[in-house]
Amino acid sequence: MTIQLYCMALQDRSDRVRWLLEEMKIPYENRFLKKDSGDMDTLEYRSLNPQGRVPTVVDNDLVLFESAAICITLADKYSYGILAPKLDDTKLRAEYTKWMVYSVGSLECVIARMFTHVNTPQEKLITHEYVQQQCEIFKLALNPILSKQDYILSSGFSTADIMLGAVIPGAHDYLVKNNPPIAAYMDRLMKREAAINANVF
Ligand SMILES: N[C@@H](CCC(=O)N[C@@H](CS)C(=O)NCC(=O)O)C(=O)O
C-alpha cells in the first residue's frame, strides 16, 4: 500500500516528511485534514495520532507521529547508509542524531514560540491555562500506553524512558499530579538504581 502522509497543508510539519519521501523517490499520498471540520478529532484519526496533530504517516503496519521520528524511521527503512548514516559508523550516526534532535528539540521549539509571540495578542501569550491545555494533549499520547504497560515501549525499559523521565518532572503539576498512569510511571523510574545513582530526581 502507498505511504499515507496526513497533513493540514503542504507547509506544516509534514513538509520535512514529504521532502524526504521525494528525495528517496518513494511514492506517497497526501491525506489533507481540516482542523476546522474536526477531521483531526475523529476516532479514526485519533487511533493513528492520539494527540490529533499532524504529521502522521501510515506505511503498511507502521503508524507513526512526530516528524523527526518519522524521518529517522523512513530514512533508515528506505535509505540506510545514504540519507541516514549507518549505525556502525558511530561518529557520523551520532552527529546525524544530534542534528535530527536539535532541529525539533531546540530550534523549532524556540521558533514556534517566537511565531506564537509575534502573532498572538499580549493577553493570550503563554498562560497556565495554555500549558495545562498542551499537557492534556501530551496525556492523550502517554496515558493509554502507561495504563497498560510499565514503560513506553512494550519491550520494556529503554532510552526513551530516560528521555521522557527526565523531561516530565518539569511539568509535574500538569502531567504527574492527579494522573495515576504517569505518576506510577515516574515512581517506577525514580526507583531505578541507575536514576538514583545519577541523582536525576
Ligand atoms: N513536534 C511535532 C509537532 C506536531 C504539531 O504540533 N503539528 C501541528 C501542525 S505543524 C498541528 O498538528 N497542529 C494542530 C493543533 O495543534 O491542533 C512534530 O514535529 O511532528
# chains A, B, ... in the order shown; residues from 1 in each chain; ligands from 1
>>> residues_near_ligand(ligand="ligand 1", cutoff="9 Å", atoms="only C-alpha atoms and all ligand atoms", output="number ranges by chain")
A: 7-9, 11-15, 35, 40, 51-56, 65-70, 104-105, 108-109, 134
>>> write_last_selection(atoms="N, CA and C atoms", output="short mmCIF file (atom, residue, chain, number, x, y, z; two decimals), in the first residue's frame")
data_model
loop_
_atom_site.label_atom_id
_atom_site.label_comp_id
_atom_site.auth_asym_id
_atom_site.auth_seq_id
_atom_site.Cartn_x
_atom_site.Cartn_y
_atom_site.Cartn_z
N CYS A 7 -1.66 15.41 6.71
CA CYS A 7 -1.18 16.78 6.91
C CYS A 7 -2.39 17.72 6.88
N MET A 8 -2.12 19.00 7.25
CA MET A 8 -3.18 20.01 7.09
C MET A 8 -2.91 20.82 5.84
N ALA A 9 -1.60 21.01 5.54
CA ALA A 9 -1.20 21.81 4.38
C ALA A 9 0.18 21.33 3.96
N GLN A 11 2.73 23.18 3.83
CA GLN A 11 3.75 23.88 4.62
C GLN A 11 3.56 23.74 6.13
N ASP A 12 3.01 22.63 6.58
CA ASP A 12 3.05 22.40 8.03
C ASP A 12 4.22 21.44 8.30
N ARG A 13 4.23 20.81 9.49
CA ARG A 13 5.39 19.97 9.81
C ARG A 13 5.43 18.66 9.02
N SER A 14 4.48 18.49 8.11
CA SER A 14 4.58 17.35 7.19
C SER A 14 5.61 17.66 6.09
N ASP A 15 6.06 18.92 6.01
CA ASP A 15 6.95 19.33 4.91
C ASP A 15 8.22 18.50 4.85
N LYS A 35 -8.68 21.03 10.19
CA LYS A 35 -8.87 21.13 11.65
C LYS A 35 -10.27 21.67 11.97
N MET A 40 -9.35 16.11 12.57
CA MET A 40 -8.29 15.61 13.44
C MET A 40 -8.83 15.09 14.77
N GLN A 51 -2.99 12.51 19.75
CA GLN A 51 -2.97 13.94 20.08
C GLN A 51 -3.69 14.77 19.02
N GLY A 52 -4.13 14.12 17.94
CA GLY A 52 -4.86 14.84 16.90
C GLY A 52 -4.03 15.90 16.21
N ARG A 53 -2.77 15.58 15.99
CA ARG A 53 -1.90 16.53 15.29
C ARG A 53 -1.38 15.92 14.00
N VAL A 54 -0.68 16.73 13.22
CA VAL A 54 -0.01 16.24 12.01
C VAL A 54 1.46 16.62 12.11
N PRO A 55 2.35 15.91 11.43
CA PRO A 55 2.08 14.82 10.50
C PRO A 55 1.90 13.47 11.19
N THR A 56 1.22 12.58 10.46
CA THR A 56 1.17 11.16 10.79
C THR A 56 1.47 10.42 9.51
N PHE A 65 3.75 9.07 14.49
CA PHE A 65 3.67 10.54 14.52
C PHE A 65 4.96 11.08 15.10
N GLU A 66 5.12 12.39 15.05
CA GLU A 66 6.32 13.16 15.46
C GLU A 66 7.29 13.18 14.28
N SER A 67 7.42 14.37 13.68
CA SER A 67 8.10 14.46 12.38
C SER A 67 9.54 13.93 12.39
N ALA A 68 10.30 14.18 13.46
CA ALA A 68 11.68 13.71 13.47
C ALA A 68 11.71 12.17 13.53
N ALA A 69 10.82 11.61 14.33
CA ALA A 69 10.77 10.15 14.44
C ALA A 69 10.37 9.53 13.10
N ILE A 70 9.44 10.19 12.41
CA ILE A 70 9.01 9.68 11.10
C ILE A 70 10.20 9.70 10.14
N VAL A 104 14.26 19.80 16.04
CA VAL A 104 12.92 19.92 16.64
C VAL A 104 12.98 20.26 18.13
N GLY A 105 13.96 19.67 18.83
CA GLY A 105 14.01 19.81 20.28
C GLY A 105 14.47 21.19 20.74
N GLU A 108 13.26 24.33 16.64
CA GLU A 108 11.86 24.55 16.30
C GLU A 108 11.02 24.95 17.51
N CYS A 109 11.42 24.48 18.68
CA CYS A 109 10.71 24.88 19.92
C CYS A 109 10.73 26.40 20.05
N GLN A 134 -1.91 22.13 26.75
CA GLN A 134 -0.92 21.37 26.00
C GLN A 134 -0.60 20.05 26.70
#
>>> select_by_dssp(residues="chain A", states="strand (DSSP E or B)", output="PyMOL selection string")
chain A and resi 3-7+28-32+56-59+62-65+80+84
>>> write_last_selection(atoms="C-alpha atoms", output="PDB file, in the first residue's frame")
ATOM      1  CA  ILE A   3       2.532   5.503   2.123  1.00  0.00           C
ATOM      2  CA  GLN A   4      -0.165   7.807   3.513  1.00  0.00           C
ATOM      3  CA  LEU A   5       1.030  11.192   4.763  1.00  0.00           C
ATOM      4  CA  TYR A   6      -1.560  13.012   6.886  1.00  0.00           C
ATOM      5  CA  CYS A   7      -1.178  16.783   6.909  1.00  0.00           C
ATOM      6  CA  TYR A  28       3.151   8.522  -1.224  1.00  0.00           C
ATOM      7  CA  GLU A  29      -0.285  10.039  -0.949  1.00  0.00           C
ATOM      8  CA  ASN A  30      -1.042  13.313   0.839  1.00  0.00           C
ATOM      9  CA  ARG A  31      -4.108  12.980   3.083  1.00  0.00           C
ATOM     10  CA  PHE A  32      -5.284  16.522   3.799  1.00  0.00           C
ATOM     11  CA  THR A  56       1.168  11.165  10.793  1.00  0.00           C
ATOM     12  CA  VAL A  57       2.489   8.506   8.455  1.00  0.00           C
ATOM     13  CA  VAL A  58       0.955   5.141   7.701  1.00  0.00           C
ATOM     14  CA  ASP A  59       3.318   2.794   5.908  1.00  0.00           C
ATOM     15  CA  LEU A  62       3.822   1.136  10.587  1.00  0.00           C
ATOM     16  CA  VAL A  63       1.891   4.069  12.066  1.00  0.00           C
ATOM     17  CA  LEU A  64       3.969   6.941  13.350  1.00  0.00           C
ATOM     18  CA  PHE A  65       3.668  10.538  14.523  1.00  0.00           C
ATOM     19  CA  TYR A  80      20.013   3.319   5.107  1.00  0.00           C
ATOM     20  CA  ALA A  84      20.819   8.032   7.076  1.00  0.00           C
TER      21      ALA A  84
END
>>> closest_residue(among="A:Val118, A:Ala184, A:Ala195, A:Cys71", to="A:Ser147", atoms="only C-alpha atoms")
A:Ala184
>>> residues_around(residues="A:Leu146", least_positions_apart="3", cutoff="9 Å", atoms="only C-alpha atoms", output="count of residues only")
10
>>> select_by_dssp(residues="stretch 8-195 of chain A", states="helix (DSSP H, G or I)", output="PyMOL selection string")
chain A and resi 15-24+39-41+43-48+67-79+90-119+122-124+128-148+159-175+180-190+193-195
>>> closest_residue(among="A:Leu74, A:Val110, A:Leu10, A:Ala194", to="A:Lys25", atoms="only C-alpha atoms")
A:Leu74
>>> atom_distance(atom1="atom CA of A:Lys191", atom2="atom CA of A:Tyr174")
21.4 Å
>>> residues_around(residues="A:Asp161", least_positions_apart="3", cutoff="8 Å", atoms="only C-alpha atoms", output="list in words")
Tyr151, Ile152, Phe157, Ser158, Leu164, Gly165 and Leu189 of chain A
>>> closest_residue(among="A:His128, A:Arg113, A:Arg188, A:Arg16", to="A:Ile72", atoms="only C-alpha atoms")
A:Arg16
